[in-house]
Every structure is written in C-alpha cells, then in structure tokens.
Amino acid sequence: MTLETIPAEAARRLLMDGQGLLDAPGRRAGPAAVRRIVEKLGFVQVDTINIAIRAHHHILLTRLDGYQPRMLERLLERDRSLFEHWTHDASVIPTVWYGQWKRRFARYRRNALKPGTWWHRRMEGRPHAVVRRIRERVRADGPLMSRHFEHVRRPGESNSEQKGWWSWKPSKAALEYLWRVGELSIDGRENFHKRYDLTERVLGESCLTPMPTPATHRAWAGAAALERLAIATPSEIAAYFAAIPLSEARTWCDRAVKAGEAVNVQVEAADGSGLHRAVAVPDWKRRAARLADPPRGLRLLSPFDPLVRDRKRLQRRFGFEYRFEAFVPAAKRRYGYYVLPILEQDRLVGRLDPKVDRDAGVLEVRGLWWEDGVRPTAARRRALAETLERYAAAAGVTRVRM
C-alpha cells in the first residue's frame with residue numbers, strides 16, 4: 001500500500017503546534033498559563049547553565065511574553081501541580097503524571113546501588129548504610145539541603161575533587177539517589193540548590209497514585225509522545241520522555257497503527273534529504289488544515305527547547321543544522337558557547353551567542369549569524385532588537401550590546 005506523504009511545511013507546523021509555538025505568546029500570563037504550557041509540552045527541561053537565562057525560564061518565556069519565574073515557583077512550591085524529576089534530563093513535570101514516574105523509580109531502585117555502579121562508588125562502597133542514615137535525617141529534620149550534611153574529607157582529597165557531580169560527597173549522592181527512586185522530592189530551591197524532603201510531605205496524596213502496569217505505561221508513553229510530536233519515528237517516541245526503550249516504542253507503534261491510533265506515513269524533509277518513514281496522529285490532515293499561522297516577530301530558542309533538542313529532527317523539519325557547543329573546546333567551536341536559534345514564524349533564520357553581564361547590567365551579543373538566503377533587512381533588524389530587549393529584561397539587565 002502506498003503511504004501518504006506529509007509535506008515539509010505541514011510537518012514543521014504540526015511539530016510547532018505540538019510544542020506550543022503556534023500559540024500567541026502575548027496572551028495573558030500567570031501560573032495557570034504556565035501550567036498549561038508545561039502540560040502541553042509534557043515537561044520542561046531544567047538546566048544549571050546561567051550564562052543568559054536558565055533553560056526552564058527561557059523555554060516558558062519563548063511561549064509566554066509575560067512569564068515571570070515566580071509563576072513557575074508557585075506551581076512547584078505552593079500549588080504542587082508540577083514536580084521535578086527526570087525525563088532525558090532533569091525536568092519539571094505535571095504532577096498528574098506522578099504515577100507514571102513510579103516505573104522509573106523502580107528501575108533506578110533495581111540497578112543503582114549494585115557493586116561497581118557510580119552510586120555505589122560515590123557512597124564509598126556502603127550505599128545502603130549511607131542511604132539509611134540520610135533517609136532518617138531527612139525524616140527527622142527535613143526539608144534539608146546537601147550543605148546541611150557534614151562531609152569528612154578523605155585523606156589526600158583536594159578542594160577541586162569536591163566540585164562537580166562526578167565527585168559528590170556520599171550524603172549528596174544519597175540524597176540524589178533517594179530523589180531518583182521517589183522517596184524524596186524537591187521541596188524547593190535556594191539559589192538553585194535543591195531542598196529535599198519526604199515525598200509524602202511535599203506532594204501529599206498526589207504521590208499515592210498507583211504504579212501502572214508495563215502495558216499501561218507503554219501505552220501512555222507512546223500516545224503522550226506522539227500527541228506532542230504529531231509525526232515521529234519509534235526512536236523519537238522512545239526519546240521524548242525517555243520512559244520506554246526503543247523496542248517498546250516499536251511495539252507501541254505497531255499496535256497503535258493496527259488499532260487506528262496512528263498511521264504510517266512518509267514525510268518530506270526540509271533539508272532535501274528525501275522522504276522519511278514515520279507514524280503520525282491519524283487526523284493529521286484535519287489538524288494541519290486548522291493550524292493557526294505562526295506568531296509574527298522573532299523569538300530566541302533555548303538550546304534545551306524541546307523543538308531544538310533532537311538535532312536530527314530539527315534539521316529534517318527546518319533544514320537547520322545546529323550543534324550545542326558549550327562543551328566543545330573554544331578553539332574548535334564553529335559559532336559560540338551558548339548559541340540560540342532565531343525563530344521567525346515557521347523558519348529558523350539565524351543564530352546568536354549571548355552572554356549576560358549582570359554586574360554591568362548588559363546583555364552582550366558576542367556573535368550573530370543569519371542563515372544563507374536570509375537578508376538582514378531593516379524590519380528584521382528592528383524585530384531582533386525588540387526581541388533582545390525583552391530577553392535582556394527577563395535576564396535582569398537593561399542594556400543590549402552587539
């Protein structure tokens with residue numbers, strides 16, 4: 001049977017719709033709007049890099065002009081309608097899905113403390129004793145932060161050895177392990193450092209949701225990912241929440257097609273690489289016909305934006321080659337340390353490398369590159385200036401220097 005072909009433009013806009021980028025960013029801002037964005041995306045990645053705007057705040061700001069960090073803080077620390085845990089990386093997740101994460105907790109618990117693992121080494125070969133001690137301390141005195149636990153320096157241990165996740169002290173490793181397996185949750189943050197407490201004290205009855213069966217969990221992971229991608233390969237479905245392995249994603253795709261919950265398609269690539277096989281939501285034609293036009297103006301995308309993080313999909317949908325170069329030696333970078341793609345309606349038209357100097361109150365643009373065929377017209381330069389002013393204000397500075 002001949003597969004239906006989805007044109008490149010339709011595929012691109014369906015992806016943007018699923019990622020919340022066709023919604024008007026100028027709509028009314030508030031905690032409820034932020035919660036809806038997180039629910040629409042499924043998660044928002046949290047990242048520590050603070051050279052400009054932290055990833056979670058940037059991702060939300062891209063979709064909501066009036067976004068303020070206190071809105072997310074309220075949802076996490078007061079309403080508890082969101083919680084922090086792991087997808088492919090640390091993320092903010094809707095609490096209504098907490099039960100789905102119990103399968104991840106169980107997976108960590110089965111494997112993390114085995115001899116030879118990173119966790120076993122970080123807890124100096126006695127992980128169960130360390131975990132038991134930390135658990136009881138949090139139960140008695142929580143919420144607590146890593147700094148509330150004394151670390152006795154090992155003979156010969158230098159200051160540099162105490163820095164970075166690879167050299168966590170045993171108590172920090174135990175706190176993170178207890179968080180990974182669901183016994184502890186993030187009660188809040190102070191200067192971006194986690195404050196841990198017992199999950200039942202943080203989330204209350206929300207944490208009582210039962211763990212789903214493997215089949216139910218697979219069905220949720222597949223359907224939730226496809227709803228947000230509209231068109232996807234099995235590997236993209238597996239990677240979206242990092243909840244199921246590729247083999248299970250393939251099984252889900254086969255069953256979804258047979259059940260009429262997905263259709264096999266071929267997708268035209270924007271980068272000229274031809275047609276690619278995928279599955280799509282069964283009503284993709286109806287959805288594509290009803291899509292709103294993309295908002296006007298320019299937007300800067302975080303390197304951790306869900307639209308950007310799958311570099312191969314980004315290239316197929318937008319014809320835009322992107323590499324995150326923060327961990328590339330400076331001499332080998334093509335562009336810069338923290339380069340942001342520039343989105344203009346449904347095209348990626350350029351990229352820039354920002355750095356915020358908070359002491360000087362300046363957002364410095366260290367490099368700006370337009371894509372081939374994109375002319376830096378006066379209108380485009382004005383739009384970029386307006387976007388940079390909003391970005392600078394969100395970063396807490398008042399001036400932009402090109």
# chains A, B, ... in the order shown; residues from 1 in each chain; ligands from 1
>>> residues_around(residues="segment 300-314 of chain A", least_positions_apart="6", cutoff="6 Å", atoms="only C-alpha atoms", output="JSON, numbers by chain")
{"A": [59, 340, 341, 342]}
>>> write_last_selection(atoms="C-alpha atoms", output="PDB file, in the first residue's frame")
ATOM      1  CA  ILE A  59      11.525  27.807  27.333  1.00  0.00           C
ATOM      2  CA  LEU A 340      20.441  30.401  20.418  1.00  0.00           C
ATOM      3  CA  PRO A 341      18.497  29.648  17.208  1.00  0.00           C
ATOM      4  CA  ILE A 342      16.365  32.549  15.940  1.00  0.00           C
TER       5      ILE A 342
END
>>> residues_around(residues="Arg80 of chain A", least_positions_apart="2", cutoff="10 Å", atoms="only C-alpha atoms", output="list in words")
Glu73, Arg74, Leu75, Leu76, Glu77, Arg78, Leu82, Phe83, Pro94, Thr95, Asp187, Val202, Leu203, Gly204 and Ser206 of chain A
>>> write_last_selection(atoms="C-alpha atoms", output="mmCIF file, in the first residue's frame")
data_model
loop_
_atom_site.group_PDB
_atom_site.id
_atom_site.type_symbol
_atom_site.label_atom_id
_atom_site.label_comp_id
_atom_site.auth_asym_id
_atom_site.auth_seq_id
_atom_site.Cartn_x
_atom_site.Cartn_y
_atom_site.Cartn_z
ATOM 1 C CA GLU A 73 7.903 28.732 41.553
ATOM 2 C CA ARG A 74 4.301 28.943 42.747
ATOM 3 C CA LEU A 75 3.302 25.849 40.755
ATOM 4 C CA LEU A 76 6.265 23.886 42.103
ATOM 5 C CA GLU A 77 6.420 25.063 45.698
ATOM 6 C CA ARG A 78 2.879 26.093 46.628
ATOM 7 C CA LEU A 82 4.265 20.367 38.972
ATOM 8 C CA PHE A 83 7.159 18.344 40.336
ATOM 9 C CA PRO A 94 2.857 17.709 35.597
ATOM 10 C CA THR A 95 2.028 16.104 38.954
ATOM 11 C CA ASP A 187 10.540 20.837 48.222
ATOM 12 C CA VAL A 202 5.936 17.509 49.539
ATOM 13 C CA LEU A 203 3.226 16.069 47.286
ATOM 14 C CA GLY A 204 0.673 14.722 49.760
ATOM 15 C CA SER A 206 -0.626 13.014 44.731
#
>>> closest_residue(among="A:Tyr338, A:Trp369, A:Trp118, A:Trp179", to="Lys102 of chain A", atoms="only C-alpha atoms")
A:Trp179
>>> atom_distance(atom1="atom CA of Val96 of chain A", atom2="atom CA of Ser247 of chain A")
26.2 Å
>>> atom_distance(atom1="atom CA of Gly142 of chain A", atom2="atom CA of Ser81 of chain A")
20.9 Å
